[in-house]
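Below is one structure, written out as C-alpha cells; the observations come after it.
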Amino acid sequence: MTVRSKRNVAICIGCDDYALLQELGGAEADSEAFYEALTASGLYDTGGSRLLLSPTIQEARSCLNEIAAYKDLTVLTFYFAGHGAIKSGTFYLCFSDSDPDRFSTTSLPAVDLFTVISEIQPRQVNFVIDACQSAGAMFDLNALMKPDVIGRAGSSSIAFLAASASDQYAAETSSGGIATTAALKYLSGERQLQQNRPYLDLVEVGLAVSRDVLKGTPEQSPVAWGLNLYGDGILSTNPHYAPSVAGPPFSVEGIAPASATGQLVRQYAEPLWEEYRAIVKDHDPRRLQRTVLKMRAELGDDFVSFIRGYAPALASRASTSEDLLAASDALSVCAIALLQGIDEPMVLHTCRELLRTRSDVDHYVVTNLITVLESDNHRLLGRGYALPDLHYLPMRVSQLLAWISLARLSDSVLGINDPIAIGNLNTLVKLVFQHYHGSFVAVSDEQASWTMLFGALSKRFGWSEQLKLLAERLFATNVAVAGRVLRPWASGKDAFYYTLTRARMEAPIGYEELANPTELLSVLLLLAHRLDLSDHWDRTLSAFDGITLNAYVPDSYSQFGEPIIVGGNNFTYRVGHDVWTVREYVRTFDASVRARIQTAANSLGPEAELLCGLAAYIFPDRVPYFMI
Amino acid sequence: MSSPPATAWRQIPASRARQAEQFQHALNKFIERIVRDSLAHMIAAENRLRLYHGRSWGGGESTDSSQGTLRLTSAESAVAFEKVMQNDVQAIQGFLTSIVEQISSGMKKNIYAMVSAAADSTGNAVSARADGSLAQAFLEMLQKIEFRVNAKGEITLPDMHISPEMGRKMLNDLQAQGPEFHREVERIKKEKGLAALQREQARLDKYCK
C-alpha cells in the first residue's frame, strides 16, 4: 500500500518547563524521539510537521491554527508529553505557562483538538498522550463519540493511545515516559509487531504498549483504541515490513476520503461508529453482519480496503466486551463477508490477514480461559443469573467446543504450527470435558452446527474419545425431549418456557418455538454412524417417531456466509415414515444428499472451507455437512 | 488484545447476556403471575390495585376509602452452581415452588394481619372462647359484618378464611345446632341483605339524576 500523501503531518509537543506546575525531566526528550521516529522514514512532511518544546499555550494554539488551515491532510498525528489535568470533567493539556487556578484559559482542552479535526477532516488522526491523568482524554473521547457531539470528526479514522488512567500518573524514567519508551521500540523496529503491512497502526502499537507497560508497571494501565474507516491505520512505516512474507505482489490501497468511495464511507460513518460503540455492551454478530454487508454492497471492490482497516480496530474494541469471544467473532463476521469473492487474490490475501489476527486473538483467549478455569471451574457460568444457564450453559459449552475446533483448523489453514498453542487447545478441551460434561445437553437446534464442527474435526485433532462422550450425552438428552429442541435464534422468553417444559411443567411452547424440522438429530445420526453407535441408538430411535430431520445443502458454499442463503435444497426425512434406523438415514443421506454437497463444495479452498465453518459457528442456522 | 480489567466484572465466552436477561424477565413475570393467581381467591379483582408510585394509599380522613402503606414481601432461594452445571432442570421447579410459596404466604400473612388489625381497631372481632361456642361466634360474626351488593345489584356474602381443621369443627358445631339457631341465621342474613340493598341504593342516589 502506498499512502499517496498530499500531506502527512506530525505535531509533537513535549513540555518539561512549567512556571506554575512541577517541572518534568523527560517530556521534551520523548517528544523529540517520537518526532524523529515519525519523520525519519519520510512518511511525514517535515515542512508541515512541528516539534514544540515547552511551548506556551499561545504557541501551542498558534500551531493548531496553522494546522487548521491545511486542507489536504491525509494523516495527522498529535503527540503530547507533559502535564495533563482533569477539571470539571474536562481534560486539559498543560503548557509552560499553564496556571492550575485558570486551566480553562491557560491550557488546551482536549475537546479543542476535535474541533480542529472536524474542520480539516484528515483521513487518519492519531493521538498519543503521555501525560498525567491522560486517560481523561479518553473520557472526553467517549463523550465525543456520541453522535451529536463527535460531529464531522467522526468521519475520520481516529486512533488513540493514552499512557495512564484518569486517576493515575504516567510513570517517567530517566530516559522518558514508560509508554513513549515502549512505543518507540516498535516504531524504531527494536521490537516487531508484524511483517505483512507496510505501516504500523496506532491501535496495534497501543495494544502492544499496553501489554508491555502492564507487565513492567502494573499500576499504570494505558488505554488504546481506534476505528479505521478508510483502510489500514497509519501511524508510521513498519521497519519489519517484508513483502515476501506479506503475500502476492499487489498493493491494497487505502480509501481516499475525497474519492467517491471515501464519500460513501463518510456517509456511513455514523452506523460504523455506532457498531463500534455497541459491540462492548451488546455483542451481536447478526447486527454487525448487517452493517458490514451494507458496506460491502455500497463499496464494491473497495470493500476489501475498508474491511482490513475496520475489522482489527473493531476487534480491539470488542476485546473489552463481557463476551470473551466478541473480538474473535467480530473478525470472523468481517472475514465471512469476504467469502463470496475469495477467488480474487487480493480478497484471499486480506482474508488470511484477518484470520491471522483472529488466530492471535484466539490464542490469547485460550490462555485466558485455561487460567481462569484452572483456578475456578465455575467460570463458564453466566454472570448475574443462575437459572438462565440451565438453557444457555449447554449452548455455551457446545459453542465453545466448536470455537476450539475452528481455532485449531484456522492455525492449520494458516500454516501456524505452534506446539504450545496446540497444547493449550487440548488442555482447554480437557477442562471443558472435565468440568462441564453435565452440560452436554440438547436444548437448541443451534447445537447442530456446533456439534457438526466439533464432530467433523475431532478425529483430525485427536479428540475422538471426547466426541463419543459428547454425542452420547447429546443423544440421550435429545431422547429425553423426544427430539424437540428449540429453534435457532429463539428469544430468552422462549428459552425460559422451554426450560419449564423440560422440567415437566406447563408452559406455552409449541411447534412455532421448536425446531421443526431439526438438524441436530440429523447431525447426531451421522456422527453415530462414524462412532459405531448405530446399533445402540437404533433401540431408542422410536422416541423420535414423527420428528422431521433436515439437511440443508446450498447450491454453492460460496453463499454460505450470507444472512439468507438463496437456492439449495432442504433434504427432509421423517423418523418412522422415511427412516427407522441410523443406517437407513446414513444410506439415504449418502444416496441423495452427498452428491449435492460435493457439487456445492466443489473447488472450495482451505480458506473458504474455514470461512464456511466460521459462518456455521457464528450463524448456527446452517450446518456445514461438507465437513463430515 | 488488551487484558480484561481486574474487577468483579469478568469475561465469559458466548455470554448471551441479552437473552439471559430476557429469560430472567420471563421468569420474574411467571412468578408474578403464579403469585397473583394464588391470591386471586382472597381479593376481588376490582380490589386489586396496581400502584406505580409512592408507598402509601388512601383518600384521606374525610373519605371511607381504605388506607395503608406498602409492605415488602421478600423471598430467597439458592440454586447451587453444581446443579446448573449438571443441568439439573428440576432446580427451576424447586426454585419457582419455593419462591412462589414464600411470596404467597408472606403476602397472605400481610393481608390477614391488615384485616385483623382493622377488625380489632373497630371492635369488629369475635371470640369463640368468650361466646362459648363456635356456632355462637359465627352468629355474632354475622351480626357484626355487612353484606355487599355487586355491580349486578346482587347481594354477596363475605368469604370465610379458616384452616381446614377449624372449618371441620365449625361445620360440625353448626350442624349440631337446633332449628332455632338456623332460623336466626336466616333472619340475620335477610336483614343484612336488605340493609346492603338499602345502602347500595343510597349510594347510587348520590349521583345527579
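Letters for chains follow the order of the C-alpha cells (A, B, ...), residue numbers begin at 1 for each chain, and ligand numbers begin at 1 in the order shown.
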Q. Quick one: which residues from chain A are at most 7 Å off chain B, using only C-alpha atoms, as a VMD selection string?
A. chain A and resid 207 211 316 319 to 320 322 to 325 361 380 382 387 to 390 396 436 438 to 439 491 to 493 495 to 496 502 to 503
Using N, CA and C atoms, can you export the residues from the last selection as a compact mmCIF listing (two decimals), in the first residue's frame?
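File written: out.txt
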# COMPACT_ATOMS: atom_id res chain seq x y z
N LEU A 207 -1.99 -1.35 21.67
CA LEU A 207 -2.30 -2.58 22.42
C LEU A 207 -1.03 -3.28 22.87
N ARG A 211 0.20 -3.90 26.81
CA ARG A 211 0.68 -5.17 27.37
C ARG A 211 2.05 -4.99 28.01
N SER A 316 -10.35 -4.87 18.40
CA SER A 316 -9.64 -4.42 19.60
C SER A 316 -10.62 -3.79 20.58
N SER A 319 -12.60 -6.51 22.34
CA SER A 319 -11.85 -7.29 23.33
C SER A 319 -12.16 -6.85 24.75
N THR A 320 -12.80 -5.68 24.90
CA THR A 320 -13.19 -5.23 26.24
C THR A 320 -14.63 -5.60 26.56
N GLU A 322 -17.87 -7.95 27.62
CA GLU A 322 -18.07 -9.00 28.62
C GLU A 322 -17.94 -10.37 27.96
N ASP A 323 -18.26 -10.41 26.67
CA ASP A 323 -18.17 -11.68 25.95
C ASP A 323 -16.73 -11.89 25.50
N LEU A 324 -16.13 -12.93 26.05
CA LEU A 324 -14.71 -13.19 25.78
C LEU A 324 -14.45 -13.49 24.31
N LEU A 325 -15.47 -13.93 23.59
CA LEU A 325 -15.28 -14.28 22.19
C LEU A 325 -15.66 -13.15 21.24
N VAL A 361 -5.89 -13.46 18.47
CA VAL A 361 -6.92 -13.23 19.49
C VAL A 361 -7.30 -14.56 20.15
N LEU A 380 -17.38 -20.73 33.54
CA LEU A 380 -18.19 -20.67 32.31
C LEU A 380 -19.64 -20.31 32.60
N GLY A 382 -22.75 -18.03 33.58
CA GLY A 382 -23.07 -16.63 33.28
C GLY A 382 -23.00 -15.79 34.54
N LEU A 387 -30.29 -19.33 36.79
CA LEU A 387 -31.23 -20.23 36.10
C LEU A 387 -31.19 -20.15 34.58
N PRO A 388 -30.95 -18.98 33.97
CA PRO A 388 -30.85 -18.98 32.51
C PRO A 388 -29.79 -19.95 31.99
N ASP A 389 -28.81 -20.26 32.84
CA ASP A 389 -27.77 -21.17 32.38
C ASP A 389 -28.23 -22.62 32.28
N LEU A 390 -29.42 -22.91 32.80
CA LEU A 390 -29.96 -24.25 32.53
C LEU A 390 -30.17 -24.42 31.03
N ARG A 396 -23.54 -22.68 25.47
CA ARG A 396 -22.21 -22.08 25.58
C ARG A 396 -21.12 -23.13 25.43
N TYR A 436 -17.58 -29.70 32.60
CA TYR A 436 -18.88 -29.33 32.03
C TYR A 436 -19.59 -30.44 31.26
N GLY A 438 -21.66 -32.39 32.33
CA GLY A 438 -23.06 -32.38 32.76
C GLY A 438 -23.92 -31.43 31.93
N SER A 439 -23.26 -30.55 31.21
CA SER A 439 -23.99 -29.59 30.38
C SER A 439 -23.98 -29.97 28.90
N SER A 491 -35.91 -16.51 21.47
CA SER A 491 -35.72 -15.46 22.47
C SER A 491 -35.47 -16.07 23.86
N GLY A 492 -35.01 -15.22 24.77
CA GLY A 492 -34.81 -15.67 26.15
C GLY A 492 -36.12 -16.11 26.78
N LYS A 493 -37.21 -15.46 26.38
CA LYS A 493 -38.53 -15.83 26.92
C LYS A 493 -38.89 -17.26 26.50
N ALA A 495 -36.80 -19.51 25.66
CA ALA A 495 -35.86 -20.41 26.34
C ALA A 495 -36.35 -20.72 27.75
N PHE A 496 -36.93 -19.73 28.41
CA PHE A 496 -37.46 -19.94 29.77
C PHE A 496 -38.60 -20.96 29.73
N ARG A 502 -39.01 -28.77 29.87
CA ARG A 502 -38.03 -29.83 30.16
C ARG A 502 -38.16 -30.29 31.62
N ALA A 503 -38.61 -29.36 32.48
CA ALA A 503 -38.80 -29.71 33.90
C ALA A 503 -40.19 -30.28 34.14
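If you count only C-alpha atoms and ignore residues fewer than 2 places along the chain from stretch 41-55 of chain B, what sits within 10 Å of it is B:Arg36, B:Asp37, B:Ser38, B:Leu39, B:Trp57, B:Gly68, B:Thr69, B:Leu70, B:Arg71, B:Lys108, B:Ile111, B:Tyr112, B:Asp159, B:Met160, B:His161.
Ranking B:Ala119, B:Asp173, B:Ala40, B:Val126 by their shortest atom-to-atom distance to B:Met107, with only C-alpha atoms included, puts B:Ala40 first.
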Q: Work out how far apart atom CA of A:Leu299 and atom CA of A:Glu275 are and give it in Å to one decimal.
A: 17.8 Å
Q: Write out as a VMD selection string the residues lying within 7 Å of A:Asn126, counting only C-alpha atoms and excluding same-chain residues fewer than 2 positions away.
A: chain A and resid 76 to 78 124 128 158 to 160 202 235
Q: Any chance you could list, as a PyMOL selection string, the residues in stretch 31-158 of chain B that come up strand (DSSP E) when DSSP is run on the backbone?
A: chain B and resi 56-57+68-69+148-149+155-156
Generate a file of the selected residues that holds C-alpha atoms, formatted as a PDB file, in the first residue's frame.
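Wrote result-v1.pdb, looks like this:
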ATOM      1  CA  SER B  56     -48.987   4.598  50.893  1.00  0.00           C
ATOM      2  CA  TRP B  57     -52.578   4.899  49.725  1.00  0.00           C
ATOM      3  CA  GLY B  68     -52.457   1.654  54.167  1.00  0.00           C
ATOM      4  CA  THR B  69     -48.796   1.527  53.408  1.00  0.00           C
ATOM      5  CA  ARG B 148     -72.297  -6.097  49.939  1.00  0.00           C
ATOM      6  CA  VAL B 149     -74.032  -5.691  46.626  1.00  0.00           C
ATOM      7  CA  ILE B 155     -76.233  -9.405  47.393  1.00  0.00           C
ATOM      8  CA  THR B 156     -72.855 -11.025  48.003  1.00  0.00           C
TER       9      THR B 156
END
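Those residues that approach B:Ser98 to within 9 Å, counting only C-alpha atoms, are Ala75, Glu76 and Ser77 of chain B; same-chain residues fewer than 6 positions away are not listed.
Reported to one decimal place, the separation of atom CA of A:Leu614 from atom CA of A:Ser332 is 6.5 Å.
Distances here use only C-alpha atoms; by that measure, the residue among A:Ala40, A:Ala81, A:Ala313, A:Cys94 closest to A:Leu20 is A:Cys94.
Using only C-alpha atoms, the smallest distance between any of B:Thr73, B:Glu184, B:Asn110, B:Thr97 and B:Ile31 comes from B:Thr97.
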